[in-house]
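Worksheet for the structure shown next.
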Amino acid sequence: MRDALLDATARLVAEHGISSVTMTQVAEATGIGRATLYKYFPDVESIVHAWHERRIGGHLHQLRAVAGGDGDITRRLSKVLSTYAMIDFSHHGGDLAPVLHQGGHAVHAQRHLLELVRELMVEGVDAGIVRG
(Lines give C-alpha, C1' and ligand atoms only; values in the text may rest on other atoms or scores of the structure.)
Protein backbone atom coordinates (compact mmCIF):
# COMPACT_ATOMS: atom_id res chain seq x y z
CA MET A 1 0.00 0.00 0.00
CA ARG A 2 2.78 2.40 0.96
CA ASP A 3 4.63 1.88 -2.33
CA ALA A 4 1.41 2.39 -4.28
CA LEU A 5 0.82 5.67 -2.43
CA LEU A 6 4.36 6.86 -3.10
CA ASP A 7 4.24 5.92 -6.77
CA ALA A 8 0.81 7.48 -7.38
CA THR A 9 1.85 10.70 -5.65
CA ALA A 10 5.09 10.89 -7.63
CA ARG A 11 3.14 10.53 -10.89
CA LEU A 12 0.63 13.21 -9.87
CA VAL A 13 3.37 15.61 -8.78
CA ALA A 14 5.27 15.05 -12.02
CA GLU A 15 2.11 15.81 -14.01
CA HIS A 16 0.69 18.72 -12.01
CA GLY A 17 3.37 20.07 -9.67
CA ILE A 18 3.50 19.60 -5.93
CA SER A 19 1.36 22.62 -5.09
CA SER A 20 -1.51 21.36 -7.28
CA VAL A 21 -1.80 17.83 -5.89
CA THR A 22 -4.36 17.15 -3.18
CA MET A 23 -4.80 14.27 -0.78
CA THR A 24 -8.12 13.53 -2.51
CA GLN A 25 -6.31 13.09 -5.84
CA VAL A 26 -3.74 10.79 -4.22
CA ALA A 27 -6.48 8.69 -2.62
CA GLU A 28 -8.36 8.41 -5.91
CA ALA A 29 -5.22 7.55 -7.88
CA THR A 30 -4.37 4.85 -5.37
CA GLY A 31 -7.92 3.52 -5.13
CA ILE A 32 -8.33 4.06 -1.39
CA GLY A 33 -10.42 6.34 0.77
CA ARG A 34 -9.07 9.60 2.13
CA ALA A 35 -9.43 8.34 5.71
CA THR A 36 -7.15 5.41 4.89
CA LEU A 37 -4.65 7.72 3.23
CA TYR A 38 -4.51 9.91 6.34
CA LYS A 39 -3.58 6.82 8.39
CA TYR A 40 -0.37 6.68 6.37
CA PHE A 41 0.49 10.34 5.75
CA PRO A 42 -0.70 13.72 7.02
CA ASP A 43 -0.20 15.62 3.73
CA VAL A 44 1.11 15.46 0.17
CA GLU A 45 4.49 16.90 1.09
CA SER A 46 5.15 14.10 3.58
CA ILE A 47 4.31 11.53 0.89
CA VAL A 48 6.75 13.20 -1.49
CA HIS A 49 9.45 13.17 1.19
CA ALA A 50 8.85 9.45 1.80
CA TRP A 51 9.04 8.81 -1.95
CA HIS A 52 12.31 10.74 -2.12
CA GLU A 53 13.73 8.86 0.85
CA ARG A 54 12.90 5.55 -0.85
CA ARG A 55 14.49 6.77 -4.08
CA ILE A 56 17.66 7.90 -2.31
CA GLY A 57 17.85 4.55 -0.54
CA GLY A 58 17.69 2.83 -3.90
CA HIS A 59 20.47 5.01 -5.26
CA LEU A 60 22.68 4.29 -2.25
CA HIS A 61 22.02 0.57 -2.61
CA GLN A 62 22.99 0.80 -6.29
CA LEU A 63 26.21 2.67 -5.47
CA ARG A 64 27.15 0.20 -2.70
CA ALA A 65 26.64 -2.67 -5.12
CA VAL A 66 28.94 -1.00 -7.65
CA ALA A 67 31.54 -0.24 -4.97
CA GLY A 68 31.56 -3.83 -3.79
CA GLY A 69 31.54 -5.32 -7.27
CA ASP A 70 34.22 -7.04 -9.24
CA GLY A 71 37.32 -5.32 -10.47
CA ASP A 72 40.23 -3.45 -9.04
CA ILE A 73 39.85 -0.26 -7.04
CA THR A 74 40.43 1.96 -10.08
CA ARG A 75 37.55 0.38 -11.93
CA ARG A 76 35.20 0.36 -8.93
CA LEU A 77 35.96 3.96 -7.94
CA SER A 78 35.50 5.14 -11.52
CA LYS A 79 32.24 3.22 -11.82
CA VAL A 80 30.89 4.60 -8.52
CA LEU A 81 31.71 8.17 -9.51
CA SER A 82 30.25 7.84 -13.01
CA THR A 83 27.13 6.12 -11.65
CA TYR A 84 26.67 8.90 -9.10
CA ALA A 85 27.17 11.53 -11.80
CA MET A 86 24.44 9.94 -13.92
CA ILE A 87 22.07 9.75 -10.94
CA ASP A 88 22.75 13.36 -10.06
CA PHE A 89 22.38 14.55 -13.65
CA SER A 90 19.13 12.70 -14.30
CA HIS A 91 17.36 13.48 -11.02
CA HIS A 92 18.19 17.04 -9.99
CA GLY A 93 16.52 20.24 -10.87
CA GLY A 94 12.97 21.32 -11.24
CA ASP A 95 10.49 22.62 -8.71
CA LEU A 96 10.86 19.68 -6.34
CA ALA A 97 14.57 19.94 -5.65
CA PRO A 98 14.33 22.66 -2.98
CA VAL A 99 11.49 20.83 -1.22
CA LEU A 100 13.12 17.41 -1.36
CA HIS A 101 16.56 18.39 -0.18
CA GLN A 102 15.40 20.10 3.02
CA GLY A 103 14.81 16.89 4.93
CA GLY A 104 17.20 15.14 7.24
CA HIS A 105 17.06 12.07 5.02
CA ALA A 106 19.02 13.94 2.35
CA VAL A 107 21.73 14.89 4.84
CA HIS A 108 21.84 11.31 6.12
CA ALA A 109 22.16 9.97 2.58
CA GLN A 110 24.91 12.45 1.78
CA ARG A 111 26.88 11.22 4.79
CA HIS A 112 26.53 7.64 3.57
CA LEU A 113 27.65 8.64 0.09
CA LEU A 114 30.69 10.50 1.42
CA GLU A 115 31.61 7.54 3.63
CA LEU A 116 31.34 5.18 0.65
CA VAL A 117 33.62 7.37 -1.46
CA ARG A 118 36.03 7.85 1.48
CA GLU A 119 36.33 4.08 1.90
CA LEU A 120 37.09 3.67 -1.79
CA MET A 121 39.67 6.47 -1.66
CA VAL A 122 41.37 4.87 1.36
CA GLU A 123 41.45 1.58 -0.53
CA GLY A 124 42.97 3.45 -3.48
CA VAL A 125 45.62 5.02 -1.23
CA ASP A 126 46.42 1.59 0.23
CA ALA A 127 46.76 0.18 -3.28
CA GLY A 128 49.04 3.04 -4.29
CA ILE A 129 46.84 4.40 -7.06
CA VAL A 130 45.49 7.43 -5.18
CA ARG A 131 47.73 9.97 -3.50
CA GLY A 132 47.29 10.20 0.26
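To be explicit about the labels: the chains of the C-alpha coordinates are called A, B, and onward in the order shown, and within each one the residues are counted from 1, while ligands get numbers from 1 in the order they are shown.
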Leaving out range 76-89 of chain A and any residue of its chain fewer than 4 positions from it, which residues lie within 7 Å of it when counting only C-alpha atoms, given as a PyMOL selection string? chain A and resi 63+66-67+69+71-72+120
Please identify the alpha helix (DSSP H) residues within chain A (assignment by DSSP from backbone atoms) and present them as an MDAnalysis selection string. chainID A and resid 2:16 23:30 34:40 44:67 73:91 96:100 104:127
Would you pick out the contacts of Ala29 in chain A at 10 Å or less, using only C-alpha atoms, so that residues sharing its chain but fewer than 5 positions from it are not included, and give the list as a list in words? Ala4, Leu5, Asp7, Ala8, Thr9, Arg11, Leu12, Met23 and Thr24 of chain A
Using only C-alpha atoms, which residues sit within 12 Å of Val13 in chain A once same-chain residues fewer than 5 positions away are excluded, as a PDB file with all heavy atoms, in the first residue's frame?
```pdb
ATOM      1  N   LEU A   6       3.189   6.080  -2.682  1.00  0.00           N
ATOM      2  CA  LEU A   6       4.359   6.857  -3.096  1.00  0.00           C
ATOM      3  C   LEU A   6       4.415   7.001  -4.611  1.00  0.00           C
ATOM      4  O   LEU A   6       4.668   8.098  -5.133  1.00  0.00           O
ATOM      5  CB  LEU A   6       5.642   6.209  -2.577  1.00  0.00           C
ATOM      6  CG  LEU A   6       5.785   6.055  -1.059  1.00  0.00           C
ATOM      7  CD1 LEU A   6       7.119   5.413  -0.721  1.00  0.00           C
ATOM      8  CD2 LEU A   6       5.606   7.364  -0.343  1.00  0.00           C
ATOM      9  N   ASP A   7       4.171   5.890  -5.306  1.00  0.00           N
ATOM     10  CA  ASP A   7       4.242   5.922  -6.766  1.00  0.00           C
ATOM     11  C   ASP A   7       3.150   6.791  -7.370  1.00  0.00           C
ATOM     12  O   ASP A   7       3.400   7.576  -8.298  1.00  0.00           O
ATOM     13  CB  ASP A   7       4.164   4.501  -7.332  1.00  0.00           C
ATOM     14  CG  ASP A   7       5.372   3.659  -6.966  1.00  0.00           C
ATOM     15  OD1 ASP A   7       6.437   4.223  -6.645  1.00  0.00           O
ATOM     16  OD2 ASP A   7       5.243   2.409  -6.991  1.00  0.00           O
ATOM     17  N   ALA A   8       1.926   6.673  -6.859  1.00  0.00           N
ATOM     18  CA  ALA A   8       0.815   7.480  -7.379  1.00  0.00           C
ATOM     19  C   ALA A   8       1.077   8.965  -7.148  1.00  0.00           C
ATOM     20  O   ALA A   8       0.839   9.798  -8.030  1.00  0.00           O
ATOM     21  CB  ALA A   8      -0.495   7.056  -6.717  1.00  0.00           C
ATOM     22  N   ILE A  18       3.816  19.947  -7.314  1.00  0.00           N
ATOM     23  CA  ILE A  18       3.501  19.596  -5.934  1.00  0.00           C
ATOM     24  C   ILE A  18       2.397  20.464  -5.334  1.00  0.00           C
ATOM     25  O   ILE A  18       1.566  19.982  -4.568  1.00  0.00           O
ATOM     26  CB  ILE A  18       4.763  19.610  -5.041  1.00  0.00           C
ATOM     27  CG1 ILE A  18       4.451  18.969  -3.694  1.00  0.00           C
ATOM     28  CG2 ILE A  18       5.311  21.012  -4.894  1.00  0.00           C
ATOM     29  CD1 ILE A  18       5.666  18.647  -2.869  1.00  0.00           C
ATOM     30  N   SER A  19       2.354  21.731  -5.692  1.00  0.00           N
ATOM     31  CA  SER A  19       1.359  22.622  -5.089  1.00  0.00           C
ATOM     32  C   SER A  19      -0.054  22.370  -5.608  1.00  0.00           C
ATOM     33  O   SER A  19      -1.026  22.836  -5.009  1.00  0.00           O
ATOM     34  CB  SER A  19       1.753  24.084  -5.304  1.00  0.00           C
ATOM     35  OG  SER A  19       1.812  24.369  -6.684  1.00  0.00           O
ATOM     36  N   SER A  20      -0.197  21.626  -6.698  1.00  0.00           N
ATOM     37  CA  SER A  20      -1.512  21.358  -7.277  1.00  0.00           C
ATOM     38  C   SER A  20      -2.106  20.019  -6.855  1.00  0.00           C
ATOM     39  O   SER A  20      -3.273  19.756  -7.122  1.00  0.00           O
ATOM     40  CB  SER A  20      -1.434  21.399  -8.808  1.00  0.00           C
ATOM     41  OG  SER A  20      -1.019  22.666  -9.235  1.00  0.00           O
ATOM     42  N   VAL A  21      -1.328  19.171  -6.238  1.00  0.00           N
ATOM     43  CA  VAL A  21      -1.796  17.830  -5.889  1.00  0.00           C
ATOM     44  C   VAL A  21      -2.461  17.852  -4.521  1.00  0.00           C
ATOM     45  O   VAL A  21      -1.931  18.425  -3.567  1.00  0.00           O
ATOM     46  CB  VAL A  21      -0.627  16.813  -5.911  1.00  0.00           C
ATOM     47  CG1 VAL A  21      -1.090  15.438  -5.462  1.00  0.00           C
ATOM     48  CG2 VAL A  21      -0.020  16.741  -7.307  1.00  0.00           C
ATOM     49  N   THR A  22      -3.626  17.214  -4.446  1.00  0.00           N
ATOM     50  CA  THR A  22      -4.360  17.147  -3.181  1.00  0.00           C
ATOM     51  C   THR A  22      -4.374  15.720  -2.652  1.00  0.00           C
ATOM     52  O   THR A  22      -4.142  14.762  -3.406  1.00  0.00           O
ATOM     53  CB  THR A  22      -5.819  17.603  -3.373  1.00  0.00           C
ATOM     54  OG1 THR A  22      -6.493  16.667  -4.229  1.00  0.00           O
ATOM     55  CG2 THR A  22      -5.879  19.006  -3.968  1.00  0.00           C
ATOM     56  N   MET A  23      -4.682  15.598  -1.392  1.00  0.00           N
ATOM     57  CA  MET A  23      -4.798  14.273  -0.779  1.00  0.00           C
ATOM     58  C   MET A  23      -5.944  13.494  -1.429  1.00  0.00           C
ATOM     59  O   MET A  23      -5.860  12.276  -1.588  1.00  0.00           O
ATOM     60  CB  MET A  23      -4.993  14.388   0.729  1.00  0.00           C
ATOM     61  CG  MET A  23      -3.772  14.916   1.461  1.00  0.00           C
ATOM     62  SD  MET A  23      -2.351  13.801   1.400  1.00  0.00           S
ATOM     63  CE  MET A  23      -2.688  12.772   2.826  1.00  0.00           C
ATOM     64  N   GLN A  25      -6.842  13.631  -4.586  1.00  0.00           N
ATOM     65  CA  GLN A  25      -6.311  13.090  -5.841  1.00  0.00           C
ATOM     66  C   GLN A  25      -5.443  11.861  -5.587  1.00  0.00           C
ATOM     67  O   GLN A  25      -5.518  10.878  -6.333  1.00  0.00           O
ATOM     68  CB  GLN A  25      -5.492  14.148  -6.576  1.00  0.00           C
ATOM     69  CG  GLN A  25      -6.294  15.277  -7.162  1.00  0.00           C
ATOM     70  CD  GLN A  25      -5.394  16.375  -7.705  1.00  0.00           C
ATOM     71  OE1 GLN A  25      -4.463  16.814  -7.038  1.00  0.00           O
ATOM     72  NE2 GLN A  25      -5.684  16.833  -8.926  1.00  0.00           N
ATOM     73  N   VAL A  26      -4.608  11.926  -4.550  1.00  0.00           N
ATOM     74  CA  VAL A  26      -3.744  10.788  -4.218  1.00  0.00           C
ATOM     75  C   VAL A  26      -4.595   9.579  -3.847  1.00  0.00           C
ATOM     76  O   VAL A  26      -4.350   8.462  -4.303  1.00  0.00           O
ATOM     77  CB  VAL A  26      -2.765  11.149  -3.082  1.00  0.00           C
ATOM     78  CG1 VAL A  26      -1.988   9.916  -2.630  1.00  0.00           C
ATOM     79  CG2 VAL A  26      -1.818  12.254  -3.522  1.00  0.00           C
ATOM     80  N   ALA A  29      -6.219   8.200  -7.005  1.00  0.00           N
ATOM     81  CA  ALA A  29      -5.222   7.553  -7.882  1.00  0.00           C
ATOM     82  C   ALA A  29      -4.767   6.214  -7.325  1.00  0.00           C
ATOM     83  O   ALA A  29      -4.383   5.318  -8.078  1.00  0.00           O
ATOM     84  CB  ALA A  29      -4.022   8.476  -8.086  1.00  0.00           C
ATOM     85  N   VAL A  44       0.431  15.827   1.410  1.00  0.00           N
ATOM     86  CA  VAL A  44       1.111  15.463   0.167  1.00  0.00           C
ATOM     87  C   VAL A  44       2.623  15.611   0.309  1.00  0.00           C
ATOM     88  O   VAL A  44       3.387  14.756  -0.152  1.00  0.00           O
ATOM     89  CB  VAL A  44       0.588  16.318  -1.008  1.00  0.00           C
ATOM     90  CG1 VAL A  44       1.428  16.082  -2.261  1.00  0.00           C
ATOM     91  CG2 VAL A  44      -0.874  16.007  -1.292  1.00  0.00           C
ATOM     92  N   GLU A  45       3.053  16.676   0.954  1.00  0.00           N
ATOM     93  CA  GLU A  45       4.494  16.903   1.091  1.00  0.00           C
ATOM     94  C   GLU A  45       5.174  15.750   1.838  1.00  0.00           C
ATOM     95  O   GLU A  45       6.271  15.332   1.472  1.00  0.00           O
ATOM     96  CB  GLU A  45       4.759  18.227   1.796  1.00  0.00           C
ATOM     97  CG  GLU A  45       6.223  18.634   1.718  1.00  0.00           C
ATOM     98  CD  GLU A  45       6.449  20.054   2.198  1.00  0.00           C
ATOM     99  OE1 GLU A  45       5.820  20.970   1.654  1.00  0.00           O
ATOM    100  OE2 GLU A  45       7.283  20.220   3.108  1.00  0.00           O
ATOM    101  N   ILE A  47       4.258  12.673   1.821  1.00  0.00           N
ATOM    102  CA  ILE A  47       4.312  11.534   0.893  1.00  0.00           C
ATOM    103  C   ILE A  47       5.487  11.708  -0.059  1.00  0.00           C
ATOM    104  O   ILE A  47       6.242  10.767  -0.330  1.00  0.00           O
ATOM    105  CB  ILE A  47       3.003  11.392   0.094  1.00  0.00           C
ATOM    106  CG1 ILE A  47       1.808  11.218   1.024  1.00  0.00           C
ATOM    107  CG2 ILE A  47       3.102  10.204  -0.871  1.00  0.00           C
ATOM    108  CD1 ILE A  47       0.457  11.285   0.311  1.00  0.00           C
ATOM    109  N   VAL A  48       5.647  12.922  -0.564  1.00  0.00           N
ATOM    110  CA  VAL A  48       6.746  13.205  -1.494  1.00  0.00           C
ATOM    111  C   VAL A  48       8.094  12.985  -0.805  1.00  0.00           C
ATOM    112  O   VAL A  48       9.017  12.421  -1.399  1.00  0.00           O
ATOM    113  CB  VAL A  48       6.624  14.623  -2.087  1.00  0.00           C
ATOM    114  CG1 VAL A  48       7.857  14.991  -2.887  1.00  0.00           C
ATOM    115  CG2 VAL A  48       5.382  14.729  -2.948  1.00  0.00           C
ATOM    116  N   HIS A  49       8.203  13.398   0.453  1.00  0.00           N
ATOM    117  CA  HIS A  49       9.449  13.173   1.191  1.00  0.00           C
ATOM    118  C   HIS A  49       9.719  11.677   1.369  1.00  0.00           C
ATOM    119  O   HIS A  49      10.860  11.227   1.232  1.00  0.00           O
ATOM    120  CB  HIS A  49       9.424  13.888   2.543  1.00  0.00           C
ATOM    121  CG  HIS A  49       9.767  15.322   2.457  1.00  0.00           C
ATOM    122  ND1 HIS A  49      11.049  15.785   2.255  1.00  0.00           N
ATOM    123  CD2 HIS A  49       8.988  16.429   2.512  1.00  0.00           C
ATOM    124  CE1 HIS A  49      11.051  17.100   2.200  1.00  0.00           C
ATOM    125  NE2 HIS A  49       9.809  17.532   2.349  1.00  0.00           N
ATOM    126  N   TRP A  51       8.665   9.298  -0.619  1.00  0.00           N
ATOM    127  CA  TRP A  51       9.040   8.807  -1.947  1.00  0.00           C
ATOM    128  C   TRP A  51      10.512   9.118  -2.222  1.00  0.00           C
ATOM    129  O   TRP A  51      11.260   8.267  -2.705  1.00  0.00           O
ATOM    130  CB  TRP A  51       8.143   9.462  -2.995  1.00  0.00           C
ATOM    131  CG  TRP A  51       8.614   9.250  -4.400  1.00  0.00           C
ATOM    132  CD1 TRP A  51       8.386   8.156  -5.181  1.00  0.00           C
ATOM    133  CD2 TRP A  51       9.412  10.145  -5.187  1.00  0.00           C
ATOM    134  NE1 TRP A  51       8.990   8.326  -6.402  1.00  0.00           N
ATOM    135  CE2 TRP A  51       9.620   9.537  -6.425  1.00  0.00           C
ATOM    136  CE3 TRP A  51       9.950  11.408  -4.940  1.00  0.00           C
ATOM    137  CZ2 TRP A  51      10.356  10.140  -7.441  1.00  0.00           C
ATOM    138  CZ3 TRP A  51      10.681  12.010  -5.941  1.00  0.00           C
ATOM    139  CH2 TRP A  51      10.878  11.378  -7.185  1.00  0.00           C
ATOM    140  N   GLY A  94      14.409  21.216 -11.274  1.00  0.00           N
ATOM    141  CA  GLY A  94      12.966  21.320 -11.235  1.00  0.00           C
ATOM    142  C   GLY A  94      12.453  21.918  -9.937  1.00  0.00           C
ATOM    143  O   GLY A  94      13.210  22.304  -9.052  1.00  0.00           O
ATOM    144  N   ASP A  95      11.148  22.002  -9.850  1.00  0.00           N
ATOM    145  CA  ASP A  95      10.486  22.623  -8.708  1.00  0.00           C
ATOM    146  C   ASP A  95      10.627  21.821  -7.420  1.00  0.00           C
ATOM    147  O   ASP A  95      10.523  22.374  -6.334  1.00  0.00           O
ATOM    148  CB  ASP A  95       8.998  22.802  -9.005  1.00  0.00           C
ATOM    149  CG  ASP A  95       8.751  23.738 -10.178  1.00  0.00           C
ATOM    150  OD1 ASP A  95       9.653  24.543 -10.480  1.00  0.00           O
ATOM    151  OD2 ASP A  95       7.668  23.659 -10.778  1.00  0.00           O
ATOM    152  N   LEU A  96      10.819  20.527  -7.535  1.00  0.00           N
ATOM    153  CA  LEU A  96      10.860  19.683  -6.344  1.00  0.00           C
ATOM    154  C   LEU A  96      12.178  19.719  -5.600  1.00  0.00           C
ATOM    155  O   LEU A  96      12.212  19.456  -4.403  1.00  0.00           O
ATOM    156  CB  LEU A  96      10.561  18.225  -6.722  1.00  0.00           C
ATOM    157  CG  LEU A  96       9.108  17.859  -6.866  1.00  0.00           C
ATOM    158  CD1 LEU A  96       8.967  16.398  -7.255  1.00  0.00           C
ATOM    159  CD2 LEU A  96       8.347  18.145  -5.609  1.00  0.00           C
TER     160      LEU A  96
END
```
